[in-house]
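Structure file final06.txt (compact mmCIF, N, CA, C and O atoms) is printed below.
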# COMPACT_ATOMS: atom_id res chain seq x y z
N MET A 1 26.94 -89.38 -42.97
CA MET A 1 26.79 -89.27 -44.40
C MET A 1 25.41 -88.65 -44.67
O MET A 1 24.42 -89.09 -44.09
N ALA A 2 25.39 -87.68 -45.52
CA ALA A 2 24.14 -87.03 -45.90
C ALA A 2 23.35 -87.93 -46.85
O ALA A 2 23.91 -88.80 -47.52
N GLN A 3 22.04 -87.73 -46.91
CA GLN A 3 21.18 -88.56 -47.75
C GLN A 3 21.61 -88.51 -49.22
O GLN A 3 21.69 -89.55 -49.87
N SER A 4 21.92 -87.34 -49.74
CA SER A 4 22.31 -87.23 -51.15
C SER A 4 23.62 -87.97 -51.42
O SER A 4 23.76 -88.64 -52.46
N GLU A 5 24.57 -87.88 -50.49
CA GLU A 5 25.84 -88.60 -50.65
C GLU A 5 25.60 -90.11 -50.58
O GLU A 5 26.17 -90.88 -51.37
N ALA A 6 24.73 -90.55 -49.67
CA ALA A 6 24.42 -91.98 -49.54
C ALA A 6 23.79 -92.52 -50.81
O ALA A 6 24.14 -93.62 -51.27
N GLU A 7 22.90 -91.75 -51.41
CA GLU A 7 22.27 -92.19 -52.65
C GLU A 7 23.28 -92.30 -53.78
O GLU A 7 23.24 -93.24 -54.58
N LYS A 8 24.22 -91.37 -53.86
CA LYS A 8 25.26 -91.41 -54.89
C LYS A 8 26.16 -92.63 -54.69
O LYS A 8 26.44 -93.36 -55.64
N VAL A 9 26.60 -92.87 -53.45
CA VAL A 9 27.46 -94.02 -53.15
C VAL A 9 26.72 -95.33 -53.44
O VAL A 9 27.29 -96.29 -53.96
N MET A 10 25.41 -95.36 -53.14
CA MET A 10 24.60 -96.54 -53.40
C MET A 10 24.54 -96.83 -54.91
O MET A 10 24.74 -97.97 -55.33
N MET A 11 24.29 -95.80 -55.71
CA MET A 11 24.18 -96.00 -57.16
C MET A 11 25.50 -96.43 -57.78
O MET A 11 25.51 -97.18 -58.75
N GLU A 12 26.61 -95.99 -57.21
CA GLU A 12 27.93 -96.36 -57.72
C GLU A 12 28.45 -97.65 -57.10
O GLU A 12 29.52 -98.13 -57.47
N GLU A 13 27.68 -98.23 -56.17
CA GLU A 13 27.99 -99.50 -55.51
C GLU A 13 29.40 -99.53 -54.92
O GLU A 13 30.14 -100.50 -55.04
N ARG A 14 29.76 -98.45 -54.23
CA ARG A 14 31.08 -98.36 -53.61
C ARG A 14 31.02 -98.92 -52.19
O ARG A 14 29.98 -98.87 -51.54
N PRO A 15 32.14 -99.45 -51.70
CA PRO A 15 32.16 -100.00 -50.34
C PRO A 15 32.08 -98.90 -49.29
O PRO A 15 32.49 -97.77 -49.52
N VAL A 16 31.52 -99.26 -48.12
CA VAL A 16 31.36 -98.31 -47.02
C VAL A 16 31.79 -98.96 -45.71
O VAL A 16 31.98 -100.17 -45.63
N LYS A 17 31.91 -98.11 -44.69
CA LYS A 17 32.28 -98.57 -43.36
C LYS A 17 31.29 -97.98 -42.36
O LYS A 17 30.87 -96.83 -42.51
N CYS A 18 30.93 -98.79 -41.35
CA CYS A 18 30.04 -98.34 -40.30
C CYS A 18 30.52 -98.91 -38.98
O CYS A 18 30.62 -100.14 -38.84
N LYS A 19 30.87 -98.04 -38.06
CA LYS A 19 31.34 -98.44 -36.73
C LYS A 19 32.49 -99.45 -36.80
O LYS A 19 32.53 -100.43 -36.08
N GLY A 20 33.42 -99.19 -37.74
CA GLY A 20 34.62 -100.01 -37.86
C GLY A 20 34.47 -101.27 -38.69
O GLY A 20 35.44 -102.00 -38.89
N ILE A 21 33.29 -101.55 -39.19
CA ILE A 21 33.06 -102.75 -40.00
C ILE A 21 32.88 -102.34 -41.45
O ILE A 21 32.13 -101.40 -41.75
N GLU A 22 33.54 -103.05 -42.37
CA GLU A 22 33.43 -102.75 -43.79
C GLU A 22 32.28 -103.54 -44.40
O GLU A 22 32.08 -104.71 -44.09
N TYR A 23 31.54 -102.88 -45.29
CA TYR A 23 30.41 -103.49 -45.98
C TYR A 23 30.62 -103.40 -47.49
O TYR A 23 31.27 -102.48 -47.98
N ARG A 24 30.03 -104.34 -48.21
CA ARG A 24 30.19 -104.39 -49.67
C ARG A 24 29.63 -103.14 -50.33
O ARG A 24 30.25 -102.55 -51.19
N LYS A 25 28.39 -102.75 -49.92
CA LYS A 25 27.75 -101.59 -50.54
C LYS A 25 26.53 -101.19 -49.73
O LYS A 25 26.09 -101.90 -48.82
N ILE A 26 25.96 -100.05 -50.09
CA ILE A 26 24.69 -99.61 -49.53
C ILE A 26 23.59 -100.29 -50.33
O ILE A 26 23.54 -100.18 -51.55
N ASP A 27 22.72 -101.00 -49.63
CA ASP A 27 21.61 -101.70 -50.30
C ASP A 27 20.44 -100.75 -50.53
O ASP A 27 19.80 -100.79 -51.57
N SER A 28 20.16 -99.89 -49.53
CA SER A 28 19.07 -98.93 -49.69
C SER A 28 19.22 -97.79 -48.69
O SER A 28 19.88 -97.91 -47.68
N VAL A 29 18.59 -96.66 -49.05
CA VAL A 29 18.55 -95.49 -48.19
C VAL A 29 17.10 -95.35 -47.74
O VAL A 29 16.19 -95.30 -48.57
N ILE A 30 16.89 -95.33 -46.43
CA ILE A 30 15.54 -95.33 -45.87
C ILE A 30 15.27 -93.99 -45.20
O ILE A 30 16.04 -93.55 -44.35
N THR A 31 14.18 -93.35 -45.58
CA THR A 31 13.75 -92.10 -44.95
C THR A 31 12.54 -92.41 -44.07
O THR A 31 11.58 -93.02 -44.54
N ARG A 32 12.63 -92.02 -42.81
CA ARG A 32 11.53 -92.28 -41.87
C ARG A 32 11.08 -90.97 -41.22
O ARG A 32 11.83 -90.02 -41.16
N LYS A 33 9.85 -90.99 -40.72
CA LYS A 33 9.33 -89.85 -39.97
C LYS A 33 8.77 -90.39 -38.66
O LYS A 33 7.94 -91.29 -38.65
N ARG A 34 9.30 -89.85 -37.57
CA ARG A 34 8.83 -90.26 -36.25
C ARG A 34 8.73 -89.02 -35.37
O ARG A 34 9.65 -88.22 -35.33
N ASP A 35 7.63 -88.88 -34.69
CA ASP A 35 7.38 -87.73 -33.82
C ASP A 35 7.57 -86.41 -34.55
O ASP A 35 8.12 -85.45 -34.01
N GLY A 36 7.17 -86.38 -35.82
CA GLY A 36 7.24 -85.16 -36.61
C GLY A 36 8.62 -84.83 -37.15
O GLY A 36 8.81 -83.79 -37.77
N LYS A 37 9.61 -85.70 -36.91
CA LYS A 37 10.97 -85.46 -37.39
C LYS A 37 11.38 -86.49 -38.43
O LYS A 37 11.06 -87.67 -38.29
N LYS A 38 12.07 -86.03 -39.44
CA LYS A 38 12.58 -86.89 -40.50
C LYS A 38 13.98 -87.36 -40.13
O LYS A 38 14.79 -86.58 -39.64
N TYR A 39 14.26 -88.64 -40.34
CA TYR A 39 15.62 -89.12 -40.18
C TYR A 39 15.92 -90.17 -41.24
O TYR A 39 15.00 -90.78 -41.80
N VAL A 40 17.20 -90.35 -41.53
CA VAL A 40 17.65 -91.23 -42.60
C VAL A 40 18.43 -92.40 -42.02
O VAL A 40 19.30 -92.22 -41.17
N GLN A 41 18.08 -93.60 -42.48
CA GLN A 41 18.83 -94.80 -42.12
C GLN A 41 19.35 -95.43 -43.40
O GLN A 41 18.81 -95.20 -44.49
N ILE A 42 20.40 -96.23 -43.26
CA ILE A 42 21.02 -96.86 -44.41
C ILE A 42 21.08 -98.37 -44.18
O ILE A 42 21.50 -98.82 -43.10
N ALA A 43 20.65 -99.14 -45.18
CA ALA A 43 20.74 -100.59 -45.14
C ALA A 43 22.05 -100.99 -45.83
O ALA A 43 22.28 -100.62 -46.99
N LEU A 44 22.89 -101.72 -45.12
CA LEU A 44 24.22 -102.08 -45.60
C LEU A 44 24.30 -103.58 -45.90
O LEU A 44 23.88 -104.39 -45.07
N LEU A 45 24.84 -103.94 -47.05
CA LEU A 45 25.02 -105.33 -47.44
C LEU A 45 26.40 -105.80 -47.01
O LEU A 45 27.41 -105.17 -47.35
N ASP A 46 26.46 -106.92 -46.26
CA ASP A 46 27.75 -107.41 -45.78
C ASP A 46 28.59 -107.97 -46.93
O ASP A 46 28.11 -108.16 -48.04
N LYS A 47 29.86 -108.23 -46.65
CA LYS A 47 30.79 -108.68 -47.68
C LYS A 47 30.40 -110.04 -48.26
O LYS A 47 30.70 -110.33 -49.40
N GLY A 48 29.74 -110.89 -47.47
CA GLY A 48 29.31 -112.20 -47.96
C GLY A 48 28.06 -112.13 -48.82
O GLY A 48 27.71 -113.08 -49.49
N GLY A 49 27.37 -111.00 -48.79
CA GLY A 49 26.16 -110.82 -49.58
C GLY A 49 24.95 -111.51 -48.99
O GLY A 49 23.95 -111.71 -49.68
N ASN A 50 25.00 -111.90 -47.70
CA ASN A 50 23.92 -112.66 -47.10
C ASN A 50 23.17 -111.92 -46.00
O ASN A 50 22.17 -112.42 -45.51
N SER A 51 23.65 -110.76 -45.58
CA SER A 51 23.07 -110.09 -44.43
C SER A 51 22.97 -108.59 -44.66
O SER A 51 23.84 -107.99 -45.29
N ILE A 52 21.91 -108.00 -44.13
CA ILE A 52 21.70 -106.56 -44.20
C ILE A 52 21.74 -106.01 -42.77
O ILE A 52 21.13 -106.56 -41.86
N THR A 53 22.46 -104.91 -42.59
CA THR A 53 22.50 -104.19 -41.33
C THR A 53 21.93 -102.80 -41.56
O THR A 53 22.29 -102.15 -42.55
N ILE A 54 21.07 -102.34 -40.66
CA ILE A 54 20.50 -101.00 -40.79
C ILE A 54 21.04 -100.14 -39.66
O ILE A 54 21.02 -100.54 -38.50
N ASP A 55 21.54 -98.95 -40.03
CA ASP A 55 22.08 -98.02 -39.03
C ASP A 55 21.81 -96.59 -39.48
O ASP A 55 21.41 -96.35 -40.62
N ALA A 56 22.06 -95.66 -38.59
CA ALA A 56 21.87 -94.24 -38.89
C ALA A 56 22.84 -93.80 -39.98
O ALA A 56 23.99 -94.25 -40.03
N ALA A 57 22.39 -92.90 -40.83
CA ALA A 57 23.24 -92.40 -41.91
C ALA A 57 24.49 -91.72 -41.36
O ALA A 57 25.56 -91.80 -41.96
N SER A 58 24.39 -91.11 -40.21
CA SER A 58 25.53 -90.41 -39.62
C SER A 58 26.66 -91.36 -39.22
O SER A 58 27.80 -90.93 -39.05
N ALA A 59 26.37 -92.65 -39.07
CA ALA A 59 27.39 -93.62 -38.67
C ALA A 59 28.12 -94.25 -39.86
O ALA A 59 29.08 -94.99 -39.67
N VAL A 60 27.67 -93.96 -41.08
CA VAL A 60 28.22 -94.60 -42.28
C VAL A 60 29.16 -93.65 -43.00
O VAL A 60 28.89 -92.46 -43.12
N GLU A 61 30.28 -94.21 -43.48
CA GLU A 61 31.23 -93.42 -44.26
C GLU A 61 31.73 -94.24 -45.45
O GLU A 61 31.84 -95.45 -45.37
N GLU A 62 32.00 -93.54 -46.52
CA GLU A 62 32.53 -94.19 -47.72
C GLU A 62 33.98 -94.58 -47.48
O GLU A 62 34.74 -93.86 -46.83
N ILE A 63 34.36 -95.73 -48.01
CA ILE A 63 35.77 -96.16 -47.94
C ILE A 63 36.48 -95.54 -49.14
O ILE A 63 36.14 -95.85 -50.29
N LYS A 64 37.41 -94.69 -48.86
CA LYS A 64 38.19 -94.04 -49.92
C LYS A 64 39.38 -94.93 -50.24
O LYS A 64 40.23 -95.18 -49.39
N GLU A 65 39.42 -95.43 -51.46
CA GLU A 65 40.53 -96.28 -51.88
C GLU A 65 41.68 -95.42 -52.36
O GLU A 65 41.50 -94.55 -53.21
N GLU A 66 42.83 -95.64 -51.78
CA GLU A 66 44.02 -94.89 -52.20
C GLU A 66 44.71 -95.64 -53.32
O GLU A 66 44.91 -96.85 -53.25
N VAL A 67 45.06 -94.91 -54.35
CA VAL A 67 45.74 -95.49 -55.49
C VAL A 67 47.24 -95.31 -55.30
O VAL A 67 47.72 -94.20 -55.09
N GLU A 68 47.95 -96.42 -55.38
CA GLU A 68 49.41 -96.36 -55.21
C GLU A 68 50.06 -96.15 -56.57
O GLU A 68 49.81 -96.86 -57.52
N ILE A 69 50.92 -95.13 -56.63
CA ILE A 69 51.62 -94.82 -57.88
C ILE A 69 53.00 -95.47 -57.79
O ILE A 69 53.78 -95.15 -56.90
N PRO A 70 53.32 -96.37 -58.73
CA PRO A 70 54.56 -97.16 -58.61
C PRO A 70 55.83 -96.47 -59.12
O PRO A 70 56.57 -97.03 -59.91
N PHE A 71 56.10 -95.25 -58.69
CA PHE A 71 57.37 -94.61 -59.03
C PHE A 71 57.74 -93.56 -58.04
O PHE A 71 57.15 -93.19 -57.15

Would you encode the structure as structure tokens?
Amino acid sequence: MAQSEAEKVMMEERPVKCKGIEYRKIDSVITRKRDGKKYVQIALLDKGGNSITIDAASAVEEIKEEVEIPF
């Protein structure tokens, strides 16, 4: 997930998935600089609302909810 997409998903408080685990929402988008290189990490709030997991932005994806049409 790109930084701009992560920020949009965070502001809309949509659910996400990382390495097969579903999370309630993105809590924060973290930009770091190490050895002269910039990289983005994402803090994820678990479904219980009690724990934060931090992982690379590339490992996070938005959960697309499919709408079922009843006809």

List the neighbours of A:Gly48 out to 8 Å using only N, CA, C and O atoms; skip same-chain residues closer than 6 positions along the sequence, and give me the result as number ranges by chain.
A: 22-24

Would you work out the distance separating atom C of A:Pro70 from atom CA of A:Glu12, expressed in Å to one decimal?
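Calculated distance between atom C of A:Pro70 and atom CA of A:Glu12 is 27.9 Å.
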
Select, from A:Lys38, A:Ile52, A:Ile26, A:Arg32, the residue with the minimum atom-to-atom distance to A:Val9, counting all atoms listed in the file.
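Of all the options, A:Ile26 lies closest to A:Val9.
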
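By chain and then residue number, the residues within 7 Å of A:Met10 are Ser4, Glu5, Ala6, Glu7, Glu13, Arg14, Lys25, Ile26, Asp27 and Ser28 of chain A, counting only N, CA, C and O atoms and disregarding those fewer than 3 positions away in sequence.
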
Have a look at A:Met11, A:Gly36, A:Gln3, A:Lys17 and name the one nearest to A:Thr53; count only C-alpha atoms.
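Going through A:Met11, A:Gly36, A:Gln3, A:Lys17 one by one, the smallest distance to A:Thr53 is for A:Lys17.
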
Atomic separation - atom CA of A:Asp35 relative to atom CA of A:Cys18, Å
25.8 Å

Find the residues around A:Tyr39 up to 9 Å (only C-alpha atoms counted), leave out those fewer than 2 positions away in its own chain, and share them as a ChimeraX atom specification.
/A:30-34,37,41,56-57

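Atom CA of A:Lys8 is positioned 19.5 Å from atom CA of A:Lys47.
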
So, with only N, CA, C and O atoms as the atoms that count, which of A:Pro15, A:Ile42, A:Ile21, A:Met1 lies closest to A:Glu62?
A:Pro15

Which of these residues is nearest to A:Ala43, using all atoms listed in the file: A:Val60, A:Glu65, A:Phe71, A:Asp55?
A:Asp55

Find, counting only C-alpha atoms, the residue in A:Ile63, A:Ile69, A:Val40, A:Ala2 that gets nearest to A:Val16.
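Closest to A:Val16 of all the choices is A:Ile63.
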
Please return, as an MDAnalysis selection string, all residues of chain A that DSSP assigns to strand (DSSP E or B) on the basis of the backbone.
chainID A and resid 16:18 21:23 25:34 37:45 52:56 60:62
